[in-house]
$ cat my_file-v9.tsv   # TSV, C-alpha atoms
chain	number	residue	atom	x	y	z
E	1	MET	CA	11.00	165.48	102.67
E	2	ASN	CA	12.69	163.26	105.22
E	3	ASP	CA	11.14	160.40	107.19
E	4	GLU	CA	10.69	162.41	110.34
E	5	GLU	CA	8.78	165.12	108.49
E	6	LEU	CA	6.59	162.50	106.85
E	7	MET	CA	5.84	161.00	110.25
E	8	GLU	CA	4.65	164.37	111.45
E	9	LEU	CA	2.20	164.47	108.55
E	10	ILE	CA	1.10	160.90	109.23
E	11	GLN	CA	0.35	161.90	112.79
E	12	ASN	CA	-2.28	164.11	111.19
E	13	ASP	CA	-3.59	161.19	109.13
E	14	ASP	CA	-1.97	162.32	105.88
E	15	GLU	CA	-2.40	159.37	103.53
E	16	THR	CA	0.02	160.66	100.90
E	17	ALA	CA	2.80	160.87	103.46
E	18	PHE	CA	1.96	157.33	104.56
E	19	ARG	CA	2.19	156.09	100.99
E	20	ILE	CA	5.53	157.82	100.44
E	21	LEU	CA	6.92	156.26	103.59
E	22	TYR	CA	5.57	152.88	102.55
E	23	ALA	CA	7.14	153.16	99.11
E	24	ARG	CA	10.42	154.20	100.71
E	25	TRP	CA	10.64	151.47	103.35
E	26	SER	CA	8.38	148.53	102.50
E	27	ARG	CA	10.91	146.70	100.34
E	28	ARG	CA	13.57	147.06	102.99
E	29	ILE	CA	11.23	145.76	105.69
E	30	MET	CA	10.24	142.88	103.45
E	31	SER	CA	13.87	142.03	102.73
E	32	TYR	CA	14.59	142.07	106.45
E	33	ALA	CA	11.59	139.89	107.30
E	34	SER	CA	12.21	137.52	104.43
E	35	ARG	CA	15.80	137.02	105.50
E	36	ALA	CA	15.03	136.79	109.20
E	37	LEU	CA	12.15	134.34	108.83
E	38	GLN	CA	13.38	132.64	105.66
E	39	ASP	CA	9.83	132.78	104.40
E	40	ARG	CA	8.61	135.23	101.76
E	41	ARG	CA	4.91	134.69	102.32
E	42	GLU	CA	5.25	135.47	105.97
E	43	ALA	CA	7.43	138.46	105.09
E	44	GLU	CA	4.50	139.92	103.15
E	45	ASP	CA	2.39	139.68	106.29
E	46	ILE	CA	5.12	141.33	108.30
E	47	VAL	CA	5.21	144.30	105.93
E	48	GLN	CA	1.46	144.82	106.26
E	49	GLU	CA	1.55	144.29	110.00
E	50	THR	CA	4.49	146.65	110.46
E	51	PHE	CA	2.89	149.54	108.63
E	52	MET	CA	-0.46	148.90	110.26
E	53	ALA	CA	1.25	149.05	113.65
E	54	LEU	CA	3.24	152.11	112.55
E	55	PHE	CA	0.02	153.91	111.76
E	56	LYS	CA	-1.64	152.84	114.98
E	57	SER	CA	1.32	153.96	117.04
E	58	ARG	CA	1.99	157.16	115.09
E	59	LYS	CA	1.12	159.35	118.05
E	60	ARG	CA	3.87	157.72	120.09
E	61	TYR	CA	6.53	158.75	117.62
E	62	GLU	CA	8.53	161.74	118.68
E	63	ALA	CA	10.64	163.86	116.36
E	64	ARG	CA	13.80	163.07	118.28
E	65	ASP	CA	13.35	159.33	117.63
E	66	ARG	CA	15.35	157.89	114.79
E	67	PHE	CA	12.75	156.76	112.32
E	68	PRO	CA	14.54	153.62	111.03
E	69	SER	CA	14.95	152.38	114.60
E	70	PHE	CA	11.30	153.10	115.36
E	71	LEU	CA	10.18	151.24	112.24
E	72	PHE	CA	12.57	148.31	112.65
E	73	THR	CA	11.58	147.91	116.29
E	74	ILE	CA	8.00	147.40	115.15
E	75	ALA	CA	9.08	145.06	112.36
E	76	GLY	CA	11.51	143.23	114.64
E	77	ASN	CA	8.80	142.58	117.23
E	78	ALA	CA	6.45	141.28	114.56
E	79	VAL	CA	9.17	138.98	113.24
E	80	ARG	CA	10.00	137.71	116.74
E	81	SER	CA	6.35	137.01	117.45
E	82	ARG	CA	5.95	135.16	114.20
E	83	PHE	CA	9.08	133.17	114.82
E	84	ARG	CA	7.99	132.33	118.37
E	85	ILE	CA	4.76	130.87	117.00
E	86	LYS	CA	6.87	128.61	114.83
E	87	ARG	CA	9.39	127.69	117.47
E	88	PRO	CA	9.99	128.94	121.01
E	89	ILE	CA	13.01	131.23	121.26
E	90	PRO	CA	15.64	129.65	123.52
E	91	VAL	CA	16.62	131.78	126.48
E	92	GLU	CA	20.29	131.12	126.05
E	93	ASP	CA	22.23	132.42	123.12
E	94	PRO	CA	23.59	129.49	121.15
E	95	GLY	CA	27.23	128.71	121.61
E	96	GLU	CA	29.99	130.39	119.74
E	97	PHE	CA	29.10	128.76	116.47
E	98	GLY	CA	25.48	127.85	117.20
E	99	GLU	CA	23.89	124.78	115.80
E	100	GLY	CA	23.79	123.84	112.13
E	101	LEU	CA	26.09	123.92	109.23
E	102	HIS	CA	29.75	124.79	108.98
E	103	TYR	CA	31.88	124.74	105.94
E	104	SER	CA	32.69	121.07	105.55
E	105	GLN	CA	33.94	118.51	103.10
E	106	ASP	CA	30.36	117.99	101.98
E	107	ILE	CA	30.06	121.48	100.70
E	108	GLU	CA	31.92	121.60	97.47
E	109	ALA	CA	31.11	125.04	96.27
E	110	LYS	CA	30.70	128.31	98.04
E	111	LEU	CA	27.19	128.84	99.28
E	112	ASP	CA	25.78	132.15	98.33
E	113	MET	CA	25.19	134.78	100.95
E	114	GLU	CA	21.45	134.28	101.31
E	115	GLU	CA	21.93	130.60	101.86
E	116	ALA	CA	24.75	131.19	104.31
E	117	LEU	CA	22.48	133.56	106.20
E	118	SER	CA	19.88	130.83	106.51
E	119	GLN	CA	22.43	128.71	108.34
E	120	LEU	CA	22.67	131.15	111.24
E	121	SER	CA	20.49	130.69	114.30
E	122	PHE	CA	17.44	132.94	114.37
E	123	GLU	CA	18.91	135.00	117.19
E	124	GLN	CA	22.15	135.61	115.32
E	125	ARG	CA	20.39	136.41	112.07
E	126	GLU	CA	17.96	138.73	113.80
E	127	ALA	CA	20.65	140.75	115.58
E	128	LEU	CA	22.86	140.99	112.50
E	129	LEU	CA	20.02	142.10	110.24
E	130	LEU	CA	18.68	144.65	112.68
E	131	ALA	CA	22.14	146.20	112.88
E	132	VAL	CA	22.96	146.09	109.19
E	133	MET	CA	19.56	146.54	107.54
E	134	GLY	CA	17.81	148.50	110.25
E	135	GLY	CA	20.79	150.58	111.29
E	136	MET	CA	19.87	149.94	114.92
E	137	ASN	CA	22.58	150.33	117.51
E	138	TYR	CA	23.44	147.63	120.04
E	139	ARG	CA	21.51	149.35	122.83
E	140	GLU	CA	18.34	149.50	120.75
E	141	ILE	CA	18.68	145.87	119.70
E	142	GLY	CA	19.35	144.94	123.32
E	143	VAL	CA	16.17	146.65	124.48
E	144	MET	CA	14.19	144.86	121.80
E	145	THR	CA	15.62	141.42	122.42
E	146	GLY	CA	16.01	141.69	126.18
E	147	SER	CA	19.80	141.39	126.02
E	148	SER	CA	22.69	143.51	127.20
E	149	GLU	CA	24.67	145.58	124.71
E	150	SER	CA	27.70	143.33	125.10
E	151	ALA	CA	25.57	140.24	124.49
E	152	VAL	CA	24.27	141.82	121.29
E	153	ALA	CA	27.81	142.71	120.19
E	154	GLN	CA	28.95	139.14	120.81
E	155	ARG	CA	25.96	137.65	119.05
E	156	ILE	CA	26.56	139.76	115.96
E	157	CYS	CA	30.28	139.00	115.98
E	158	ARG	CA	29.53	135.28	116.20
E	159	ALA	CA	27.08	135.60	113.33
E	160	ARG	CA	29.76	137.23	111.21
E	161	ARG	CA	32.32	134.62	112.17
E	162	ARG	CA	29.90	131.91	111.23
E	163	LEU	CA	29.16	133.48	107.85
E	164	TYR	CA	32.88	133.60	107.27
E	165	ASP	CA	33.25	129.92	108.19
E	166	ILE	CA	30.51	129.01	105.75
E	167	MET	CA	31.57	131.29	102.91
E	168	VAL	CA	35.33	130.85	102.99
E	169	PRO	CA	36.73	127.35	102.49
E	170	PRO	CA	39.10	126.26	105.30
E	171	GLU	CA	42.04	125.87	102.94
E	172	GLU	CA	41.70	129.50	101.91
E	173	VAL	CA	41.57	130.63	105.54
E	174	ALA	CA	44.78	128.72	106.25
E	175	LYS	CA	46.69	130.60	103.54
R	1	MET	CA	43.89	131.93	115.47
R	2	ASN	CA	45.23	133.50	118.65
R	3	ASN	CA	43.38	135.52	121.26
R	4	ILE	CA	44.49	138.81	119.72
R	5	CYS	CA	42.96	137.88	116.39
R	6	ARG	CA	39.78	136.78	118.14
R	7	ALA	CA	39.58	140.17	119.83
R	8	MET	CA	40.19	141.87	116.48
R	9	GLU	CA	37.25	140.02	114.97
R	10	MET	CA	35.06	141.69	117.56
R	11	LEU	CA	36.57	145.07	116.67
R	12	VAL	CA	35.92	144.45	112.97
R	13	SER	CA	32.32	143.68	113.83
R	14	VAL	CA	31.73	146.73	116.02
R	15	MET	CA	33.48	148.92	113.45
R	16	LEU	CA	31.12	147.80	110.68
R	17	ASP	CA	28.20	148.64	112.96
R	18	GLY	CA	29.61	152.06	113.78
R	19	GLU	CA	30.07	151.26	117.46
R	20	ILE	CA	33.85	151.44	117.60
R	21	SER	CA	35.81	154.08	119.51
R	22	SER	CA	38.67	155.99	117.90
R	23	SER	CA	41.28	154.24	120.05
R	24	GLU	CA	39.86	150.82	119.22
R	25	LYS	CA	39.89	151.74	115.57
R	26	GLU	CA	43.53	152.70	115.79
R	27	VAL	CA	44.41	149.37	117.41
R	28	LEU	CA	42.43	147.48	114.81
R	29	PHE	CA	44.09	149.09	111.82
R	30	LEU	CA	47.54	148.64	113.32
R	31	HIS	CA	46.79	144.94	113.64
R	32	LEU	CA	45.30	144.68	110.16
R	33	GLY	CA	48.55	146.05	108.78
R	34	GLU	CA	50.41	143.13	110.30
R	35	CYS	CA	48.02	140.17	110.17
R	36	SER	CA	46.91	138.69	106.85
R	37	HIS	CA	44.32	136.43	108.54
R	38	CYS	CA	42.51	139.37	110.07
R	39	ARG	CA	42.88	141.41	106.91
R	40	ARG	CA	41.14	138.63	104.98
R	41	PHE	CA	38.44	138.45	107.64
R	42	TYR	CA	37.94	142.21	107.47
R	43	GLU	CA	37.73	142.29	103.67
R	44	GLU	CA	35.22	139.44	103.61
R	45	GLN	CA	33.10	141.06	106.30
R	46	ARG	CA	32.98	144.33	104.40
R	47	LYS	CA	31.59	142.42	101.41
R	48	TYR	CA	28.98	140.66	103.55
R	49	HIS	CA	28.03	143.94	105.18
R	50	GLU	CA	27.54	145.64	101.85
R	51	PHE	CA	25.50	142.71	100.55
R	52	LEU	CA	23.25	142.52	103.60
R	53	GLY	CA	22.75	146.27	103.57
R	54	ARG	CA	21.10	146.00	100.17
R	55	THR	CA	17.45	145.14	99.76
R	56	GLN	CA	16.38	142.16	97.71
R	57	ASP	CA	15.13	143.23	94.29
R	58	ASP	CA	13.22	140.07	93.46
R	59	LEU	CA	10.58	140.43	96.17
R	60	ASP	CA	6.93	141.13	95.43
R	61	VAL	CA	6.11	143.80	97.96
R	62	PRO	CA	2.39	143.94	98.81
R	63	ALA	CA	0.44	147.04	97.86
R	64	CYS	CA	0.24	149.86	100.35
R	65	PRO	CA	-2.88	149.57	102.51
R	66	SER	CA	-5.11	152.61	102.50
R	67	LEU	CA	-5.50	154.59	105.67
R	68	SER	CA	-9.26	154.20	105.55
R	69	GLU	CA	-8.70	150.44	105.67
R	70	GLN	CA	-6.36	150.93	108.57
R	71	HIS	CA	-9.04	152.84	110.42
R	72	ALA	CA	-11.58	150.15	109.62
R	73	LYS	CA	-9.31	147.45	110.97
R	74	ILE	CA	-9.06	149.14	114.31
R	75	ILE	CA	-12.81	148.98	114.77
R	76	ARG	CA	-13.76	145.69	116.31
R	77	MET	CA	-16.31	143.38	114.75
R	78	PRO	CA	-19.82	143.62	116.15
R	79	ARG	CA	-20.54	141.07	118.87
R	80	TYR	CA	-22.89	139.00	116.70
R	81	LEU	CA	-20.21	138.68	114.03
R	82	GLN	CA	-17.68	137.62	116.64
R	83	ILE	CA	-19.99	134.91	117.90
R	84	GLY	CA	-20.84	133.82	114.37
R	85	ALA	CA	-17.20	133.65	113.36
R	86	ALA	CA	-16.38	131.68	116.50
R	87	VAL	CA	-19.14	129.16	115.75
R	88	ILE	CA	-17.91	128.77	112.16
R	89	LEU	CA	-14.38	128.36	113.44
R	90	LEU	CA	-15.44	125.65	115.86
R	91	ALA	CA	-17.47	123.83	113.24
R	92	LEU	CA	-14.68	123.91	110.67
R	93	SER	CA	-12.05	122.92	113.20
R	94	PHE	CA	-14.12	119.94	114.30
R	95	TYR	CA	-15.16	119.06	110.77
R	96	GLY	CA	-11.56	119.15	109.56
R	97	GLY	CA	-10.42	116.93	112.41
R	98	PHE	CA	-13.29	114.52	111.91
R	99	LEU	CA	-12.66	114.18	108.20
R	100	SER	CA	-8.99	113.52	108.71
R	101	GLY	CA	-9.89	110.57	110.94
R	102	ASP	CA	-8.81	112.34	114.09
R	103	LYS	CA	-10.69	110.45	116.80
R	104	LYS	CA	-9.83	113.06	119.36
R	105	ALA	CA	-11.47	115.88	117.43
R	106	LEU	CA	-14.49	115.69	119.72
R	107	GLU	CA	-12.32	116.06	122.78
R	108	ARG	CA	-10.81	119.23	121.41
R	109	ILE	CA	-14.12	121.04	121.00
R	110	PRO	CA	-14.04	122.46	124.53
R	111	THR	CA	-10.52	123.73	123.89
R	112	TYR	CA	-11.55	125.42	120.69
R	113	ALA	CA	-14.58	126.85	122.42
R	114	ARG	CA	-12.37	128.34	125.10
R	115	VAL	CA	-9.65	129.76	122.92
R	116	GLY	CA	-11.35	130.21	119.55
R	117	ALA	CA	-13.80	132.91	120.50
R	118	PRO	CA	-11.24	135.18	122.18
R	119	ALA	CA	-8.99	134.69	119.16
R	120	VAL	CA	-11.73	135.91	116.90
R	121	TRP	CA	-12.40	138.66	119.39
R	122	ALA	CA	-8.80	139.75	119.00
R	123	ARG	CA	-9.10	139.59	115.22
R	124	ASN	CA	-8.88	143.31	114.71
R	125	SER	CA	-6.36	144.19	117.33
R	126	SER	CA	-2.63	144.29	116.71
R	127	LEU	CA	0.42	143.11	118.54
R	128	PRO	CA	1.23	145.29	121.52
R	129	MET	CA	4.12	147.68	121.19
R	130	GLU	CA	7.29	146.93	123.11
R	131	MET	CA	6.46	149.44	125.84
R	132	ASP	CA	3.04	147.80	126.31
R	133	ARG	CA	4.48	144.32	126.25
R	134	LYS	CA	6.52	145.13	129.31
R	135	GLN	CA	3.30	145.87	131.16
R	136	LEU	CA	2.02	142.39	130.43
R	137	SER	CA	3.09	139.11	131.97
R	138	PRO	CA	4.96	136.68	129.72
R	139	LEU	CA	1.86	134.52	129.65
R	140	GLN	CA	-0.29	137.43	128.56
R	141	ASN	CA	2.22	138.32	125.87
R	142	LEU	CA	2.28	134.79	124.56
R	143	ILE	CA	-1.49	134.51	124.55
R	144	SER	CA	-1.95	137.85	122.83
R	145	GLU	CA	0.57	136.87	120.19
R	146	TYR	CA	-1.24	133.62	119.49
R	147	GLN	CA	-4.57	135.38	119.41
R	148	PHE	CA	-3.22	137.94	117.03
R	149	TRP	CA	-1.76	135.45	114.61
R	150	ILE	CA	-4.85	133.23	114.69
R	151	GLY	CA	-6.95	136.30	113.98
R	152	ASN	CA	-4.48	137.32	111.29
R	153	GLU	CA	-4.73	133.92	109.60
R	154	LEU	CA	-8.52	134.07	109.77
R	155	GLY	CA	-8.37	137.39	107.98
R	156	ARG	CA	-6.62	135.94	104.93
R	157	ASP	CA	-8.38	135.38	101.66
R	158	GLU	CA	-7.30	131.74	101.81
R	159	VAL	CA	-7.28	130.59	105.40
R	160	ASN	CA	-4.87	127.79	106.24
R	161	TRP	CA	-7.13	125.87	108.61
R	162	GLN	CA	-4.45	123.39	109.52
R	163	LYS	CA	-2.30	126.26	110.72
R	164	VAL	CA	-5.19	127.74	112.66
R	165	ARG	CA	-5.86	124.38	114.30
R	166	THR	CA	-2.21	123.95	115.22
R	167	MET	CA	-2.10	127.39	116.80
R	168	LEU	CA	-5.38	126.78	118.63
R	169	ASP	CA	-4.01	123.51	119.99
R	170	THR	CA	-0.88	125.26	121.24
R	171	LEU	CA	-2.89	128.08	122.71
R	172	GLY	CA	-5.17	125.56	124.40
R	173	SER	CA	-2.20	123.84	125.95
R	174	LEU	CA	-1.22	127.05	127.70
R	175	ARG	CA	-3.83	126.31	130.39
R	176	THR	CA	-6.00	128.99	128.95
R	177	ASP	CA	-9.52	128.42	130.20
R	178	LEU	CA	-12.38	130.73	129.41
R	179	GLU	CA	-12.10	132.52	132.70
R	180	LEU	CA	-8.41	133.21	132.19
R	181	LEU	CA	-8.90	134.59	128.71
R	182	SER	CA	-11.91	136.64	129.71
R	183	LEU	CA	-9.88	138.16	132.49
R	184	GLN	CA	-7.04	138.82	130.12
R	185	MET	CA	-9.22	140.54	127.58
R	186	GLY	CA	-10.71	142.63	130.35
R	187	PHE	CA	-7.28	143.43	131.60
R	188	MET	CA	-6.06	144.45	128.17
R	189	ASP	CA	-9.08	146.64	127.65
R	190	GLY	CA	-8.32	148.41	130.89
R	191	THR	CA	-11.64	147.43	132.44
R	192	LEU	CA	-9.88	145.81	135.36
R	193	GLN	CA	-8.32	148.06	137.88
R	194	LYS	CA	-4.57	147.65	138.04
R	195	LYS	CA	-3.13	147.15	141.49
R	196	ASP	CA	0.54	146.94	142.25
R	197	SER	CA	2.48	145.56	139.32
R	198	PRO	CA	0.36	144.31	136.43
R	199	GLN	CA	2.01	140.93	136.55
R	200	ASN	CA	1.27	140.41	140.25
R	201	THR	CA	-2.30	141.52	139.80
R	202	TRP	CA	-2.62	139.22	136.87
R	203	LEU	CA	-1.24	136.24	138.74
R	204	GLN	CA	-3.39	136.99	141.78
R	205	LEU	CA	-6.52	137.28	139.70
R	206	LEU	CA	-5.85	134.01	138.00
R	207	GLY	CA	-4.57	132.21	141.05
R	208	VAL	CA	-1.67	130.99	138.98
R	209	LYS	CA	0.66	128.82	140.99
R	210	LYS	CA	4.30	129.72	141.48
R	211	GLN	CA	5.68	127.16	139.07
R	212	GLU	CA	3.58	128.58	136.27
R	213	GLU	CA	5.03	132.03	136.60
R	214	SER	CA	7.93	130.98	134.43
R	215	LEU	CA	5.63	130.57	131.44
$ encode --input "my_file-v9.tsv" --output "structure tokens"
Amino acid sequence: MNDEELMELIQNDDETAFRILYARWSRRIMSYASRALQDRREAEDIVQETFMALFKSRKRYEARDRFPSFLFTIAGNAVRSRFRIKRPIPVEDPGEFGEGLHYSQDIEAKLDMEEALSQLSFEQREALLLAVMGGMNYREIGVMTGSSESAVAQRICRARRRLYDIMVPPEEVAK
Amino acid sequence: MNNICRAMEMLVSVMLDGEISSSEKEVLFLHLGECSHCRRFYEEQRKYHEFLGRTQDDLDVPACPSLSEQHAKIIRMPRYLQIGAAVILLALSFYGGFLSGDKKALERIPTYARVGAPAVWARNSSLPMEMDRKQLSPLQNLISEYQFWIGNELGRDEVNWQKVRTMLDTLGSLRTDLELLSLQMGFMDGTLQKKDSPQNTWLQLLGVKKQEESL
């Protein structure tokens, strides 16, 4: 049974369908939240909050909606709210490379991917994860974050460039 | 790196996200055949994409909440419990501040009184959906988010009172007096009649000055 069919059952308060959907998606939502917020405890809250909100808004779901986008929009909003409590989201997108760490002389070894991800700005990390983990398209991410599609595309591209700068030593890039 | 390579990086990115057109794809792969820099970039990005697409296996995912619990959470606390919880919140907030030698704890009581009770009131509500958020002013959105997270923290088995206090302080600094929050709660409950755009009505009702609209 696919996600859309399960949602139809959930709209009729079917608990088994809800549990199946939870089992199918909760780890992915938690991975997304944990990476976006860089905080596992808060990610647990996000999972609960997301599925609570999913249930409450089940009647708004329409069969033509892509379920992952619907779910990740809920999760993404919860993550943004949580992040905003921690630190106000700047209106402007950070510059091409954002603030923070680049590959430098101080970094002897390659940082692993999770650590490299933590070096991105929240806005870059959020957009990249929604696209890659949530499978959301640029328009959907733009609607959620209040940005244009091209701004989302640029933000994600900058995030990828920055990961590359962190992960690949400069001498290797020069080869 | 020249401008062509910079443009190709964007194409690599949109390709990985499935947003590339067939003509762009053709251009990209022609370039990748000629440019080792971009080929390296592309190969690395494919690895990152694959890694990020995977879920983390070492996470402890919380148990699935039951639907009956979900239903219960939607029902608001009875009024007497709300008032009781607000009083406890105030007492603990003050007590915590007093114990920590915070001389200004007394001064904050009115702030807690103004923002604490509505936060407890909002304990069982959830964050508005995106479509609802657009109907609210930025100030309303911010307040409802704070209320939600304060309520959420209060609902934990182990409440982090320091966190609650910090959030209450921030909420208090948003010029949220009792009247404003009461109006907001009424507005969110739909008990106030909406006229014109919700944001205008909201600002008119509150008499918020122009410079505060940017909040």
$ closest_residue --input "my_file-v9.tsv" --among "E:Leu71, E:Ala131, E:Leu163, E:Leu117" --to "Met52 (chain E)" --atoms "all atoms listed in the file"
E:Leu71
$ closest_residue --input "my_file-v9.tsv" --among "R:Tyr48, R:Glu34, R:Arg39, R:Trp149" --to "Asp45 (chain E)" --atoms "all atoms listed in the file"
R:Trp149
$ interface_residues --input "my_file-v9.tsv" --of "chain R" --to "chain E" --cutoff "8 Å" --atoms "all atoms listed in the file" --output "JSON, numbers by chain"
{"R": [9, 10, 13, 14, 17, 19, 37, 41, 44, 45, 48, 49, 51, 52, 53, 54, 55, 56, 59, 61, 62, 64, 65, 66, 67, 70, 126, 127, 129, 130, 145, 146, 149, 167]}
$ closest_residue --input "my_file-v9.tsv" --among "R:Met15, R:Asp57, R:Asn3, R:Glu50" --to "Phe29 (chain R)" --atoms "only C-alpha atoms"
R:Met15
$ axis_aligned_box --input "my_file-v9.tsv" --around "region 11-16 of chain E" --padding-each-side "3 Å" --output "lines of an AutoDock Vina configuration file"
center_x = -1.6
center_y = 161.7
center_z = 106.8
size_x = 9.9
size_y = 10.7
size_z = 17.9
$ atom_distance --input "my_file-v9.tsv" --atom1 "CA of Arg60 (chain E)" --atom2 "CA of Ser150 (chain E)"
28.3 Å
$ atom_distance --input "my_file-v9.tsv" --atom1 "CA of Ala151 (chain E)" --atom2 "CA of Asp65 (chain E)"
23.7 Å
$ atom_distance --input "my_file-v9.tsv" --atom1 "CA of Gly142 (chain E)" --atom2 "CA of His31 (chain R)"
29.1 Å
$ decode --input "my_file-v9.tsv" --residues "region 22-75 of chain E" --atoms "C-alpha atoms" --output "mmCIF file, in the first residue's frame"
data_model
loop_
_atom_site.group_PDB
_atom_site.id
_atom_site.type_symbol
_atom_site.label_atom_id
_atom_site.label_comp_id
_atom_site.auth_asym_id
_atom_site.auth_seq_id
_atom_site.Cartn_x
_atom_site.Cartn_y
_atom_site.Cartn_z
ATOM 1 C CA TYR E 22 5.089 6.449 10.986
ATOM 2 C CA ALA E 23 7.282 3.363 10.718
ATOM 3 C CA ARG E 24 7.982 4.186 7.089
ATOM 4 C CA TRP E 25 8.869 7.858 7.511
ATOM 5 C CA SER E 26 9.768 8.666 11.116
ATOM 6 C CA ARG E 27 13.447 7.768 10.808
ATOM 7 C CA ARG E 28 13.787 9.846 7.680
ATOM 8 C CA ILE E 29 12.100 12.823 9.331
ATOM 9 C CA MET E 30 14.322 12.412 12.360
ATOM 10 C CA SER E 31 17.439 12.239 10.200
ATOM 11 C CA TYR E 32 16.350 15.391 8.413
ATOM 12 C CA ALA E 33 15.590 17.254 11.647
ATOM 13 C CA SER E 34 18.734 16.037 13.345
ATOM 14 C CA ARG E 35 20.868 17.210 10.458
ATOM 15 C CA ALA E 36 19.040 20.489 9.989
ATOM 16 C CA LEU E 37 19.033 21.453 13.668
ATOM 17 C CA GLN E 38 22.225 19.620 14.630
ATOM 18 C CA ASP E 39 20.429 18.470 17.744
ATOM 19 C CA ARG E 40 19.115 14.944 18.250
ATOM 20 C CA ARG E 41 16.938 15.698 21.250
ATOM 21 C CA GLU E 42 15.140 18.418 19.389
ATOM 22 C CA ALA E 43 14.861 16.117 16.378
ATOM 23 C CA GLU E 44 12.856 13.695 18.522
ATOM 24 C CA ASP E 45 10.422 16.502 19.290
ATOM 25 C CA ILE E 46 10.196 17.367 15.621
ATOM 26 C CA VAL E 47 9.229 13.787 14.738
ATOM 27 C CA GLN E 48 6.414 13.805 17.289
ATOM 28 C CA GLU E 49 5.307 17.274 16.288
ATOM 29 C CA THR E 50 5.367 16.445 12.580
ATOM 30 C CA PHE E 51 3.193 13.376 12.891
ATOM 31 C CA MET E 52 0.867 15.105 15.325
ATOM 32 C CA ALA E 53 0.455 17.917 12.807
ATOM 33 C CA LEU E 54 0.094 15.392 9.987
ATOM 34 C CA PHE E 55 -2.792 13.787 11.798
ATOM 35 C CA LYS E 56 -4.419 17.092 12.624
ATOM 36 C CA SER E 57 -4.165 18.266 9.041
ATOM 37 C CA ARG E 58 -5.096 14.933 7.456
ATOM 38 C CA LYS E 59 -8.302 16.323 6.008
ATOM 39 C CA ARG E 60 -6.332 18.916 4.059
ATOM 40 C CA TYR E 61 -4.356 16.269 2.239
ATOM 41 C CA GLU E 62 -5.546 15.622 -1.271
ATOM 42 C CA ALA E 63 -4.707 12.541 -3.291
ATOM 43 C CA ARG E 64 -2.988 14.592 -5.971
ATOM 44 C CA ASP E 65 -0.509 15.978 -3.413
ATOM 45 C CA ARG E 66 2.861 14.297 -3.297
ATOM 46 C CA PHE E 67 3.000 12.774 0.148
ATOM 47 C CA PRO E 68 6.734 13.308 0.824
ATOM 48 C CA SER E 69 6.366 17.001 0.010
ATOM 49 C CA PHE E 70 3.308 17.270 2.237
ATOM 50 C CA LEU E 71 5.120 15.575 5.111
ATOM 51 C CA PHE E 72 8.401 17.446 4.672
ATOM 52 C CA THR E 73 6.575 20.765 4.473
ATOM 53 C CA ILE E 74 5.149 20.063 7.916
ATOM 54 C CA ALA E 75 8.524 18.892 9.221
#
